[in-house]
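This report refers to the structure that appears directly beneath it.
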Amino acid sequence: MTTVSKKPETVIVRFAGDSGDGMQLVGDRFTAATAHVGNDLSTLPDFPAEIRAPAGTPGGVSAFQIHFASRDILTPGDHPNTLVAMNPAAVKAHLGALQPGGTLIVNEDAFSAANLRKAGYAENPLEDGTVDDYQVFKVPMTTLTTRATEGIEGLKPAEAQRTKNLFALGLISWMYGRPKKETIAWLEAKFAKRPAILAGNVAAFKAGYNFGDTAEIAATPIEVAPAPLEPGTYRNINGANALAMGLTAASVRSGLQLFYAGYPITPASELLHHLARHDRFGVRTVQAEDELAAANMALGAAFGGKLGVTATSGPGMDLKAETIALAVATELPLIVIDVQRAGPSTGLPTKTEQSDLLMAIHGRHGESPLPVLAPSTPADCFDTALEAARIAIRYRTPVIILSDTFLSNSSEPWRLPDAAALPEIDPSFATGPNAGDEFLPYLRDAQGARPWAIPGTEGLQHRLGGLEKEHGSGKVSYSPENHATMTRLRAEKLEKLAAELPPLALDADEGAELLVLGWGSTSGVIGAAARRVRGRGVPIATAHLRHLEPMPTNTGEVVRAFPRVLVPEVNAGQLLSLVRDKFLVDAVGYNKVEGLPILAEELEQAILETLGVG
């Protein structure tokens, strides 16, 4: 049959099925193949919180969305062009997101009466008109997978059926021109010691690929050309991996051994997993018995002259607060990473939210100011980790990094930096007396930082702890005047940091009347929505904050320069409240607290409504 190739600029594919169907693995492998052919991409994994989610129900559906293109893209996309649904529950949970006229590929074998009941369908949606508005391909994936794996010695029937996710991957790989070689090589490496499982997965993958080549679906091959990326070596990276590499790079560039202590918590646990693989760089990791112990271990490492790091999510930040305040009082460098998730309490632990901003800035007892940074993309997590380490070491202060579930799990192409060109970080340890023949542990330099003295260094004995210290000498002091002085000096460090920060960058069209101001993971959707608005001929201005405490010194000037300010956030309006309080501007918010990122079409509409444009 003669086929006519389609060549769209962008494509969005979503895989959905039971949490045991391997949708995250399929999405990850499709992403790797997509990166290999040179497309720009952005991904959005979405999975339930339960270890054994209720199989066959919409609440137990795991999904993975990838947006890839022949140009630069900023988000995982709004609505998929193609939905691969492994069972009725996946259709129930995700059909509403599929664009009108989009392609729906289903595992026809899974649409049994029992599975339909579990999904909440009284009738089969493939037969009652539910999917009539879509291009539907009913593929008996389970049957074809079983047939493809027949006769493989040592492969059990249940193991054979579980490879149907590789059949789906093979089908979509053919449909979008993804190469077979890389996926097969990955399977060979992963299952090298399990030949029967390897043979089954390879057979299923090839069967899906060949099915796409020979079945009716062959009438619609789709080609997405490589994106014009800057020259260099690229790899696919998610936010958790980028943070781990950024922290490791900071360790190397500062000459400090990286010590990481953490307690397992979704979604921050991935950082521990990644860092544990970097022991060849001297990285040391500990799984502590609880959140308090993890924070105290990391602070103890900082006291001992190491790069102390701990990470958690919202509930763990509550528990670490006392130790973070102790780090403020002792003025030791400590990096605390909060991978934010939807709360409060356990909340939606696998869903994203930006709801810890006010806690990071104000959520400690006493006057305990510290810097707060937020990366804007998965790749930016690397640079933010480096910057946080520089600030913590230079200013002798704890620093909080606000990542989130979306950044941690999502991935994008990242151009490898020149390691030798990364900035050096000088820990500038104290080596001897700093006041004649005397060592004063709280004598400050021009940036307000006190000396960092490694325990055991001759002549540098000094006292540390949570009690207020006398300015200069570090002796315990109950003097009211001294406490006021020390409170002021700790706050002045942030003022001195603000003075050295780069100004807030503004991207403004001539005649723009609205500034869209964001922070953290809303960067991509703000850029995508601004593109759409500009495509309508409407001028717009955007700015994005990495440094949230302190903010760049020109932030007030930027937000006051526009008649209207819109602050989109995945929370109930936390940066909005800071902007209104600090700069006395009548900013408004666009807020989403559904555990999901803001979509570009949603923010586009909010911008147009704020401007009164129809």
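In the structure tokens, chains take the letters A, B, ... in the order shown, each chain's residues start at 1, and ligands count up from 1 in the order shown.
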
- request: Check stretch 110-348 of chain A with DSSP on the backbone and list each residue it calls strand (DSSP E or B), as an MDAnalysis selection string.
  value: chainID A and resid 135:139 222 234:238 258:262 284:287 307:312 334:340 342 348

field: stretch 261-268 of chain A surroundings by only C-alpha atoms, 8 Å radius, close-in-sequence under 3 positions cut, as a ChimeraX atom specification
entry: /A:240,271-272,285-291,294-295,297-298,309-313,316,338-341,349-350,405,408

message: Considering only alpha helix (DSSP H) as DSSP defines it on the backbone, what residues of stretch 410-563 of chain A qualify? List them as an NGL selection string.
response: :A and (480-500 or 523-535 or 555-560)

Skip A:Leu348 itself and residues of its chain fewer than 5 positions away, then list as a PDB file with all heavy atoms, in the first residue's frame all residues within 8 Å of it, counting only C-alpha atoms.
```pdb
ATOM      1  N   ALA A  49      -0.568   7.284  43.956  1.00  0.00           N
ATOM      2  CA  ALA A  49       0.318   7.268  45.109  1.00  0.00           C
ATOM      3  C   ALA A  49       0.469   5.882  45.711  1.00  0.00           C
ATOM      4  O   ALA A  49       1.488   5.572  46.321  1.00  0.00           O
ATOM      5  CB  ALA A  49      -0.204   8.233  46.173  1.00  0.00           C
ATOM      6  N   ARG A 341       4.943  18.930  46.817  1.00  0.00           N
ATOM      7  CA  ARG A 341       3.859  18.072  46.348  1.00  0.00           C
ATOM      8  C   ARG A 341       2.542  18.633  46.882  1.00  0.00           C
ATOM      9  O   ARG A 341       2.529  19.519  47.742  1.00  0.00           O
ATOM     10  CB  ARG A 341       4.069  16.652  46.838  1.00  0.00           C
ATOM     11  CG  ARG A 341       3.882  16.478  48.335  1.00  0.00           C
ATOM     12  CD  ARG A 341       4.289  15.090  48.802  1.00  0.00           C
ATOM     13  NE  ARG A 341       3.660  14.734  50.067  1.00  0.00           N
ATOM     14  CZ  ARG A 341       3.944  13.646  50.765  1.00  0.00           C
ATOM     15  NH1 ARG A 341       4.876  12.809  50.323  1.00  0.00           N
ATOM     16  NH2 ARG A 341       3.318  13.373  51.890  1.00  0.00           N
ATOM     17  N   ALA A 342       1.444  18.092  46.386  1.00  0.00           N
ATOM     18  CA  ALA A 342       0.131  18.597  46.785  1.00  0.00           C
ATOM     19  C   ALA A 342      -0.185  18.165  48.212  1.00  0.00           C
ATOM     20  O   ALA A 342      -0.168  16.983  48.534  1.00  0.00           O
ATOM     21  CB  ALA A 342      -0.940  18.090  45.825  1.00  0.00           C
ATOM     22  N   GLY A 343      -0.468  19.102  49.075  1.00  0.00           N
ATOM     23  CA  GLY A 343      -0.798  18.839  50.469  1.00  0.00           C
ATOM     24  C   GLY A 343      -2.141  19.442  50.812  1.00  0.00           C
ATOM     25  O   GLY A 343      -2.914  19.759  49.913  1.00  0.00           O
ATOM     26  N   GLY A 595      -3.369  19.503  41.676  1.00  0.00           N
ATOM     27  CA  GLY A 595      -2.312  18.511  41.592  1.00  0.00           C
ATOM     28  C   GLY A 595      -1.749  18.380  40.192  1.00  0.00           C
ATOM     29  O   GLY A 595      -0.939  17.490  39.929  1.00  0.00           O
TER      30      GLY A 595
END
```

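We find atom CA of A:Gln605 and atom CA of A:Pro568 to be spaced 12.0 Å apart.
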
field: 12 Å contact set for A:Arg162, only C-alpha atoms, chain neighbours under 2 positions out, as a PyMOL selection string
entry: chain A and resi 18+20-23+86+141-143+145-146+149+155-160+164-168+197+200-201+204-205

message: Using Å and a single decimal, report how far atom CA of A:Ala97 sits from atom CA of A:Ser19.
response: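 According to the coordinates, atom CA of A:Ser19 and atom CA of A:Ala97 are separated by 18.9 Å.
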
- prompt: What lies within 7 Å of A:Ala508 using only C-alpha atoms, ignoring chain neighbours under 5 positions off, as a PyMOL selection string?
  reply: chain A and resi 540-542

Surrounding residues of A:Ala250 excluding itself and chain neighbours under 4 positions, 7 Å, only C-alpha atoms, as a PDB file with N, CA and C atoms, in the first residue's frame:
```
ATOM      1  N   GLY A 246      24.051  18.635  39.740  1.00  0.00           N
ATOM      2  CA  GLY A 246      24.428  19.983  40.144  1.00  0.00           C
ATOM      3  C   GLY A 246      25.092  20.000  41.512  1.00  0.00           C
ATOM      4  N   SER A 254      33.991  23.048  44.628  1.00  0.00           N
ATOM      5  CA  SER A 254      34.330  23.655  45.916  1.00  0.00           C
ATOM      6  C   SER A 254      35.414  22.872  46.651  1.00  0.00           C
ATOM      7  N   LEU A 386      23.981  24.475  41.822  1.00  0.00           N
ATOM      8  CA  LEU A 386      25.289  25.140  41.885  1.00  0.00           C
ATOM      9  C   LEU A 386      25.180  26.495  42.570  1.00  0.00           C
ATOM     10  N   ALA A 389      24.628  26.187  46.343  1.00  0.00           N
ATOM     11  CA  ALA A 389      25.867  25.836  47.043  1.00  0.00           C
ATOM     12  C   ALA A 389      26.776  27.047  47.171  1.00  0.00           C
TER      13      ALA A 389
END
```

task: Figure out the distance between atom CA of A:Thr43 and atom CA of A:Leu599, please, to one decimal in Å.
output: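 We find that atom CA of A:Leu599 and atom CA of A:Thr43 lie 13.3 Å from each other.
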
task: Name the residues in contact with A:Gly170 at a cut-off of 10 Å, using only C-alpha atoms, excluding same-chain residues fewer than 5 positions from it; report them as a ChimeraX atom specification.
output: /A:26,30,164-165,175,178-180,183,202-212

Give me a file of those residues, with N, CA, C and O atoms, as an mmCIF file, in the first residue's frame.
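Dumped to selection-v5.cif:
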```
data_model
loop_
_atom_site.group_PDB
_atom_site.id
_atom_site.type_symbol
_atom_site.label_atom_id
_atom_site.label_comp_id
_atom_site.auth_asym_id
_atom_site.auth_seq_id
_atom_site.Cartn_x
_atom_site.Cartn_y
_atom_site.Cartn_z
ATOM 1 N N VAL A 26 7.434 2.527 29.524
ATOM 2 C CA VAL A 26 7.188 2.753 28.094
ATOM 3 C C VAL A 26 7.432 4.220 27.749
ATOM 4 O O VAL A 26 8.086 4.542 26.747
ATOM 5 N N PHE A 30 10.280 5.609 25.182
ATOM 6 C CA PHE A 30 9.888 6.400 24.015
ATOM 7 C C PHE A 30 10.567 7.764 24.058
ATOM 8 O O PHE A 30 10.990 8.300 23.023
ATOM 9 N N LYS A 164 3.011 -6.852 27.126
ATOM 10 C CA LYS A 164 2.148 -6.122 26.187
ATOM 11 C C LYS A 164 2.467 -4.633 26.153
ATOM 12 O O LYS A 164 2.172 -3.947 25.156
ATOM 13 N N ASN A 165 3.069 -4.109 27.228
ATOM 14 C CA ASN A 165 3.478 -2.705 27.177
ATOM 15 C C ASN A 165 4.569 -2.485 26.126
ATOM 16 O O ASN A 165 4.629 -1.436 25.483
ATOM 17 N N MET A 175 4.841 4.109 14.514
ATOM 18 C CA MET A 175 3.915 5.167 14.087
ATOM 19 C C MET A 175 4.608 6.515 13.982
ATOM 20 O O MET A 175 4.289 7.326 13.105
ATOM 21 N N ARG A 178 10.319 6.184 15.464
ATOM 22 C CA ARG A 178 11.385 6.060 16.460
ATOM 23 C C ARG A 178 12.224 4.819 16.126
ATOM 24 O O ARG A 178 11.679 3.772 15.764
ATOM 25 N N PRO A 179 13.536 4.865 16.265
ATOM 26 C CA PRO A 179 14.385 3.732 15.895
ATOM 27 C C PRO A 179 14.201 2.552 16.848
ATOM 28 O O PRO A 179 13.980 2.724 18.053
ATOM 29 N N LYS A 180 14.317 1.332 16.297
ATOM 30 C CA LYS A 180 14.219 0.120 17.115
ATOM 31 C C LYS A 180 15.511 -0.163 17.878
ATOM 32 O O LYS A 180 15.489 -0.711 18.981
ATOM 33 N N THR A 183 16.052 0.925 21.693
ATOM 34 C CA THR A 183 15.200 0.238 22.662
ATOM 35 C C THR A 183 15.629 -1.211 22.845
ATOM 36 O O THR A 183 15.685 -1.724 23.968
ATOM 37 N N VAL A 202 11.680 -8.416 23.741
ATOM 38 C CA VAL A 202 12.116 -8.085 22.382
ATOM 39 C C VAL A 202 11.090 -8.575 21.372
ATOM 40 O O VAL A 202 10.750 -7.860 20.409
ATOM 41 N N ALA A 203 10.557 -9.780 21.584
ATOM 42 C CA ALA A 203 9.558 -10.318 20.660
ATOM 43 C C ALA A 203 8.301 -9.458 20.657
ATOM 44 O O ALA A 203 7.717 -9.183 19.598
ATOM 45 N N ALA A 204 7.857 -9.031 21.840
ATOM 46 C CA ALA A 204 6.666 -8.189 21.922
ATOM 47 C C ALA A 204 6.899 -6.835 21.258
ATOM 48 O O ALA A 204 6.033 -6.320 20.534
ATOM 49 N N PHE A 205 8.069 -6.240 21.511
ATOM 50 C CA PHE A 205 8.385 -4.942 20.905
ATOM 51 C C PHE A 205 8.406 -5.045 19.378
ATOM 52 O O PHE A 205 7.804 -4.212 18.677
ATOM 53 N N LYS A 206 9.062 -6.060 18.854
ATOM 54 C CA LYS A 206 9.115 -6.231 17.400
ATOM 55 C C LYS A 206 7.743 -6.528 16.825
ATOM 56 O O LYS A 206 7.404 -6.060 15.725
ATOM 57 N N ALA A 207 6.925 -7.285 17.573
ATOM 58 C CA ALA A 207 5.581 -7.587 17.090
ATOM 59 C C ALA A 207 4.752 -6.316 16.968
ATOM 60 O O ALA A 207 4.014 -6.123 15.992
ATOM 61 N N GLY A 208 4.850 -5.421 17.950
ATOM 62 C CA GLY A 208 4.129 -4.157 17.870
ATOM 63 C C GLY A 208 4.624 -3.300 16.727
ATOM 64 O O GLY A 208 3.831 -2.672 16.013
ATOM 65 N N TYR A 209 5.939 -3.260 16.552
ATOM 66 C CA TYR A 209 6.532 -2.479 15.464
ATOM 67 C C TYR A 209 6.058 -3.004 14.115
ATOM 68 O O TYR A 209 5.635 -2.235 13.236
ATOM 69 N N ASN A 210 6.097 -4.329 13.969
ATOM 70 C CA ASN A 210 5.680 -4.937 12.699
ATOM 71 C C ASN A 210 4.187 -4.795 12.464
ATOM 72 O O ASN A 210 3.741 -4.660 11.319
ATOM 73 N N PHE A 211 3.402 -4.829 13.544
ATOM 74 C CA PHE A 211 1.957 -4.625 13.406
ATOM 75 C C PHE A 211 1.669 -3.247 12.816
ATOM 76 O O PHE A 211 0.831 -3.102 11.923
ATOM 77 N N GLY A 212 2.369 -2.236 13.325
ATOM 78 C CA GLY A 212 2.176 -0.901 12.769
ATOM 79 C C GLY A 212 2.537 -0.828 11.305
ATOM 80 O O GLY A 212 1.910 -0.099 10.527
#
```

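Residue nearest A:Gly527, chosen from A:Asn241, A:Gln257, A:Thr75, A:Asn81 and counting only C-alpha atoms: A:Thr75.
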
field: Among listed residues A:Glu468, A:Asp279, A:Glu412, A:Glu50, nearest A:Ile66 (using only C-alpha atoms)
entry: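 Under the stated criterion, the closest residue is A:Glu412.
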
message: I need the residue nearest A:Asn434 from this list: A:Gly154, A:Pro100, A:Gly459, A:Pro563. Use only C-alpha atoms for the distance.
response: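 For A:Asn434, the nearest of the given residues is A:Gly459.
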